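Shown below: structure28.cif, with mmCIF, C-alpha atoms.
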data_coords
loop_
_atom_site.label_atom_id
_atom_site.label_comp_id
_atom_site.auth_asym_id
_atom_site.auth_seq_id
_atom_site.Cartn_x
_atom_site.Cartn_y
_atom_site.Cartn_z
CA MET A 1 0.00 0.00 0.00
CA ILE A 2 1.29 3.42 -0.97
CA SER A 3 0.37 6.50 1.03
CA VAL A 4 -1.27 9.51 -0.61
CA GLU A 5 1.82 11.60 0.17
CA ASP A 6 4.18 9.05 -1.44
CA TYR A 7 1.92 8.80 -4.49
CA LEU A 8 1.76 12.57 -4.97
CA SER A 9 5.53 13.02 -4.60
CA GLY A 10 6.19 10.07 -6.91
CA GLU A 11 3.92 11.50 -9.63
CA LEU A 12 6.07 14.65 -9.72
CA ILE A 13 9.05 12.62 -11.01
CA ALA A 14 7.30 9.74 -12.79
CA GLU A 15 7.77 9.33 -16.54
CA THR A 16 4.23 7.98 -16.92
CA LYS A 17 1.01 8.98 -15.16
CA HIS A 18 -0.56 6.73 -12.55
CA GLU A 19 -4.01 6.61 -11.03
CA TYR A 20 -4.36 5.97 -7.31
CA LEU A 21 -7.11 3.86 -5.76
CA GLY A 22 -6.90 3.64 -2.00
CA GLY A 23 -3.20 2.81 -1.84
CA VAL A 24 -2.92 0.89 -5.09
CA VAL A 25 -1.27 2.59 -8.08
CA HIS A 26 -2.10 1.81 -11.72
CA ALA A 27 -0.04 3.02 -14.70
CA MET A 28 -2.00 4.72 -17.45
CA ALA A 29 -1.69 3.77 -21.10
CA GLY A 30 -1.37 6.22 -23.95
CA ALA A 31 -4.34 7.19 -26.11
CA LYS A 32 -5.10 6.95 -29.83
CA VAL A 33 -5.28 9.94 -32.17
CA GLY A 34 -9.10 10.06 -32.17
CA HIS A 35 -9.17 10.13 -28.37
CA ASN A 36 -6.68 13.01 -28.30
CA ARG A 37 -8.51 14.96 -31.02
CA ALA A 38 -11.80 14.75 -29.15
CA THR A 39 -10.06 15.79 -25.92
CA VAL A 40 -8.35 18.79 -27.52
CA ASN A 41 -11.58 19.81 -29.26
CA ILE A 42 -13.47 19.81 -25.95
CA LEU A 43 -10.68 21.63 -24.12
CA ARG A 44 -10.53 24.28 -26.89
CA SER A 45 -14.30 24.76 -26.78
CA PHE A 46 -14.31 25.14 -23.01
CA GLY A 47 -11.31 27.47 -23.11
CA ASN A 48 -13.05 29.74 -25.61
CA SER A 49 -16.42 29.62 -23.81
CA LEU A 50 -15.00 30.24 -20.36
CA ASP A 51 -12.51 32.99 -21.23
CA GLY A 52 -13.06 35.84 -18.78
CA LYS A 53 -15.46 33.80 -16.62
CA PRO A 54 -14.75 32.44 -13.13
CA CYS A 55 -14.55 28.77 -14.18
CA GLU A 56 -11.52 27.33 -15.95
CA PRO A 57 -10.78 24.12 -17.85
CA PHE A 58 -7.91 21.76 -17.08
CA ASN A 59 -6.42 19.08 -19.33
CA SER A 60 -5.48 15.49 -18.55
CA ASP A 61 -2.23 16.49 -16.83
CA MET A 62 -4.27 17.64 -13.82
CA LYS A 63 -5.44 15.00 -11.36
CA VAL A 64 -8.73 15.08 -9.51
CA ARG A 65 -8.83 13.89 -5.89
CA ILE A 66 -11.94 12.00 -4.82
CA GLU A 67 -12.53 11.37 -1.13
CA LEU A 68 -14.78 8.32 -0.85
CA PRO A 69 -15.89 7.00 2.55
CA GLU A 70 -13.62 3.95 2.26
CA GLN A 71 -10.66 5.40 0.33
CA THR A 72 -9.03 8.28 -1.50
CA ARG A 73 -8.69 8.12 -5.26
CA PHE A 74 -6.84 10.18 -7.84
CA TYR A 75 -7.79 10.05 -11.50
CA TYR A 76 -6.65 12.02 -14.54
CA PRO A 77 -9.87 12.99 -16.34
CA ASP A 78 -9.43 14.03 -19.96
CA VAL A 79 -10.91 17.46 -19.22
CA MET A 80 -12.41 19.06 -16.15
CA VAL A 81 -13.84 22.48 -15.39
CA VAL A 82 -13.24 23.95 -11.96
CA CYS A 83 -14.88 27.10 -10.60
CA ASP A 84 -13.12 27.08 -7.22
CA SER A 85 -9.50 26.20 -8.04
CA LEU A 86 -6.79 25.34 -5.57
CA ASP A 87 -3.61 27.42 -5.51
CA ASN A 88 -0.99 27.24 -8.26
CA ASP A 89 1.29 24.86 -6.33
CA GLN A 90 -1.28 22.05 -6.09
CA THR A 91 -0.91 19.03 -8.37
CA TYR A 92 -4.61 18.13 -8.24
CA GLN A 93 -8.08 19.63 -8.04
CA ASP A 94 -10.85 18.41 -5.79
CA LYS A 95 -13.87 20.57 -6.69
CA PRO A 96 -14.64 20.03 -10.38
CA VAL A 97 -18.04 21.14 -11.65
CA VAL A 98 -17.67 19.33 -14.99
CA VAL A 99 -15.65 16.19 -15.71
CA VAL A 100 -15.10 14.74 -19.18
CA GLU A 101 -13.90 11.22 -19.92
CA VAL A 102 -13.24 10.31 -23.54
CA ILE A 103 -13.87 6.59 -23.61
CA SER A 104 -11.23 4.24 -24.95
CA GLU A 105 -12.23 0.76 -26.00
CA SER A 106 -9.62 -0.74 -23.67
CA THR A 107 -10.88 1.26 -20.66
CA ARG A 108 -14.62 1.38 -21.46
CA ARG A 109 -15.64 -0.93 -18.61
CA VAL A 110 -13.65 1.03 -16.01
CA ASP A 111 -14.68 4.45 -17.40
CA MET A 112 -18.39 3.58 -17.53
CA GLY A 113 -18.37 1.77 -14.18
CA GLU A 114 -15.78 2.46 -11.50
CA LYS A 115 -14.78 5.97 -12.62
CA ARG A 116 -18.33 7.06 -13.38
CA GLU A 117 -19.46 6.02 -9.92
CA ALA A 118 -16.47 7.72 -8.25
CA TYR A 119 -16.86 10.98 -10.19
CA ARG A 120 -20.55 11.15 -9.31
CA ALA A 121 -19.55 11.02 -5.62
CA ILE A 122 -17.78 14.40 -5.89
CA SER A 123 -19.99 16.89 -4.04
CA THR A 124 -19.27 19.77 -6.45
CA LEU A 125 -19.81 17.77 -9.66
CA ARG A 126 -22.78 18.96 -11.69
CA VAL A 127 -22.06 17.37 -15.09
CA LEU A 128 -20.18 14.25 -16.19
CA LEU A 129 -19.62 13.83 -19.92
CA LEU A 130 -18.69 10.39 -21.29
CA VAL A 131 -17.58 10.82 -24.89
CA ASP A 132 -17.26 8.03 -27.45
CA PRO A 133 -14.57 9.14 -29.93
CA GLU A 134 -15.55 6.59 -32.58
CA ARG A 135 -19.15 7.69 -33.15
CA PRO A 136 -21.25 10.73 -32.22
CA HIS A 137 -22.37 9.64 -28.78
CA VAL A 138 -22.03 11.64 -25.57
CA THR A 139 -23.59 10.43 -22.33
CA VAL A 140 -24.35 13.34 -20.02
CA ASP A 141 -24.93 12.68 -16.33
CA ARG A 142 -26.36 15.87 -14.87
CA GLY A 143 -26.96 16.53 -11.18
CA GLY A 144 -30.70 16.39 -10.62
CA ALA A 145 -33.01 18.07 -8.15
CA ASN A 146 -33.34 14.81 -6.19
CA GLY A 147 -29.63 14.75 -5.34
CA GLY A 148 -28.93 12.02 -7.87
CA PHE A 149 -28.01 12.25 -11.53
CA ASP A 150 -30.20 12.28 -14.61
CA THR A 151 -28.75 10.81 -17.80
CA GLU A 152 -29.14 12.28 -21.29
CA PHE A 153 -27.73 11.06 -24.61
CA PHE A 154 -26.55 13.27 -27.47
CA THR A 155 -26.08 11.28 -30.69
CA ALA A 156 -26.16 13.71 -33.63
CA LEU A 157 -23.56 16.20 -34.86
CA ASP A 158 -26.12 19.01 -35.14
CA LEU A 159 -26.96 18.91 -31.42
CA VAL A 160 -25.67 21.27 -28.73
CA ILE A 161 -25.09 20.13 -25.16
CA PRO A 162 -26.27 22.94 -22.87
CA LEU A 163 -24.06 23.53 -19.84
CA PRO A 164 -25.80 26.25 -17.83
CA GLU A 165 -23.86 25.05 -14.77
CA ILE A 166 -20.80 26.83 -16.20
CA SER A 167 -22.58 29.32 -18.52
CA ALA A 168 -21.41 27.47 -21.62
CA GLU A 169 -22.46 24.96 -24.23
CA LEU A 170 -20.69 22.25 -26.18
CA ARG A 171 -21.52 21.71 -29.84
CA MET A 172 -21.34 18.07 -30.92
CA ALA A 173 -19.86 19.19 -34.26
CA ASP A 174 -17.00 20.82 -32.34
CA VAL A 175 -16.40 17.70 -30.23
CA TYR A 176 -16.08 15.51 -33.32
CA ALA A 177 -14.29 17.96 -35.64
CA GLY A 178 -11.48 16.21 -37.51
CA LEU A 179 -12.44 12.71 -36.37
CA ASP A 180 -13.06 9.89 -38.84
CA LEU A 181 -16.52 8.68 -37.90
#
Entire entry expressed as structure tokens:
Amino acid sequence: MISVEDYLSGELIAETKHEYLGGVVHAMAGAKVGHNRATVNILRSFGNSLDGKPCEPFNSDMKVRIELPEQTRFYYPDVMVVCDSLDNDQTYQDKPVVVVEVISESTRRVDMGEKREAYRAISTLRVLLLVDPERPHVTVDRGGANGGFDTEFFTALDLVIPLPEISAELRMADVYAGLDL
């Protein structure tokens, strides 16, 4: 078992990124071109939409800390939007409002199960976007009035995902620009 402190200090010098699940560390694999294009497209869209606003996007080099009742976890979401950022010296965020995971075929089960459940446990999270880079399909889990999450599906390039939680929107055509679908 590795302590949180040892994990965080090790990540500063590691050549590859690792996720942390309650003392167990897992190396992360690289991503395909389509995955990276979708990620950059979303980051660009958020950067443009949020310029001059109090919320800011972060890329996959920024970890998110999740404090679950039984353990602490650190993941590297593909994109996240934070409206209450920690100071510049921190190597993670813990109050994202929006988290985006671009699904890889090799990690689909973990992304749609374990990570989805953990992200939805973050008290500040209002929107979780699960993006399929191989076809126009975005699953949107949005914090509902009942304290749970409501799920919506966006499956056409002419649709726009409204994100009033951060005073922005995400056009499906922008997400999938340059991808071979």
Long-range neighbours of A:Leu8 as number ranges by chain, 12 Å cut-off, only C-alpha atoms, 3 positions minimum in chain: A: 2-5, 11-14, 17-20, 23, 25, 62-65, 73-75, 90-92
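Each of A:Phe149, A:Tyr119, A:Tyr7, A:Phe154 was compared to A:Asp132 using all atoms listed in the file, and A:Phe154 turns out to be the nearest.
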Decode the PyMOL selection byres ((chain A and resi 96) around 7) for the given file into explicit residues and return them as a compact mmCIF listing (two decimals) with C-alpha atoms, keeping the file's coordinate frame.
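Output below, filename part-v2.txt:
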# COMPACT_ATOMS: atom_id res chain seq x y z
CA MET A 80 -12.41 19.06 -16.15
CA VAL A 81 -13.84 22.48 -15.39
CA VAL A 82 -13.24 23.95 -11.96
CA GLN A 93 -8.08 19.63 -8.04
CA ASP A 94 -10.85 18.41 -5.79
CA LYS A 95 -13.87 20.57 -6.69
CA VAL A 97 -18.04 21.14 -11.65
CA VAL A 98 -17.67 19.33 -14.99
CA VAL A 99 -15.65 16.19 -15.71
CA THR A 124 -19.27 19.77 -6.45
CA LEU A 125 -19.81 17.77 -9.66
Residues matched by the PyMOL selection byres ((chain A and resi 47-59) around 6) as a PyMOL selection string: chain A and resi 43-46+60-61+78-83+168
Using the chain letters and numbers from the file, give me the residues hit by the PyMOL selection byres ((chain A and resi 136-139) around 7), as a compact mmCIF listing (two decimals) with C-alpha atoms, in the frame of the given file.
# COMPACT_ATOMS: atom_id res chain seq x y z
CA LEU A 129 -19.62 13.83 -19.92
CA LEU A 130 -18.69 10.39 -21.29
CA VAL A 131 -17.58 10.82 -24.89
CA ASP A 132 -17.26 8.03 -27.45
CA ARG A 135 -19.15 7.69 -33.15
CA VAL A 140 -24.35 13.34 -20.02
CA ASP A 141 -24.93 12.68 -16.33
CA THR A 151 -28.75 10.81 -17.80
CA GLU A 152 -29.14 12.28 -21.29
CA PHE A 153 -27.73 11.06 -24.61
CA PHE A 154 -26.55 13.27 -27.47
CA THR A 155 -26.08 11.28 -30.69
CA ALA A 156 -26.16 13.71 -33.63
CA LEU A 157 -23.56 16.20 -34.86
Pick from A:Ala38, A:Leu21, A:Ala31, A:Ile122 nearest to A:Thr107, counting only C-alpha atoms: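 That would be A:Ala31, the residue with the smallest distance to A:Thr107.
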Distance of atom CA of A:Glu117 from atom CA of A:Arg142, expressed in Å to one decimal place: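 Atom-to-atom, atom CA of A:Arg142 and atom CA of A:Glu117 are spaced 13.0 Å apart.
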Separation of atom CA of A:Met112 from atom CA of A:Lys32, in Å and rounded to one decimal: 18.4 Å
Best match for closeness to A:Ser104 among A:Glu67, A:Glu134, A:Asp150, A:Asp158, counting all atoms listed in the file: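 Answer, going by the shortest atom-to-atom distance: A:Glu134.
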A:Ile42 surroundings by all atoms listed in the file, 9 Å radius, close-in-sequence under 5 positions cut, as a PyMOL selection string: chain A and resi 37+47+79+100+170+174-176
Pairwise distance for atom CA of A:Pro162 and atom CA of A:Asp180, rounded to one decimal in Å: 24.5 Å
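With distances taken over only C-alpha atoms, A:Ser106 is the one residue among A:Ile166, A:Gln71, A:Arg126, A:Ser106 lying closest to A:Ala29.
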Among the residues A:Asn36, A:Asn146, A:Ser167, A:Ser85, the one that comes closest to A:Glu101 [using all atoms listed in the file]: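 Answer, going by the shortest atom-to-atom distance: A:Asn36.
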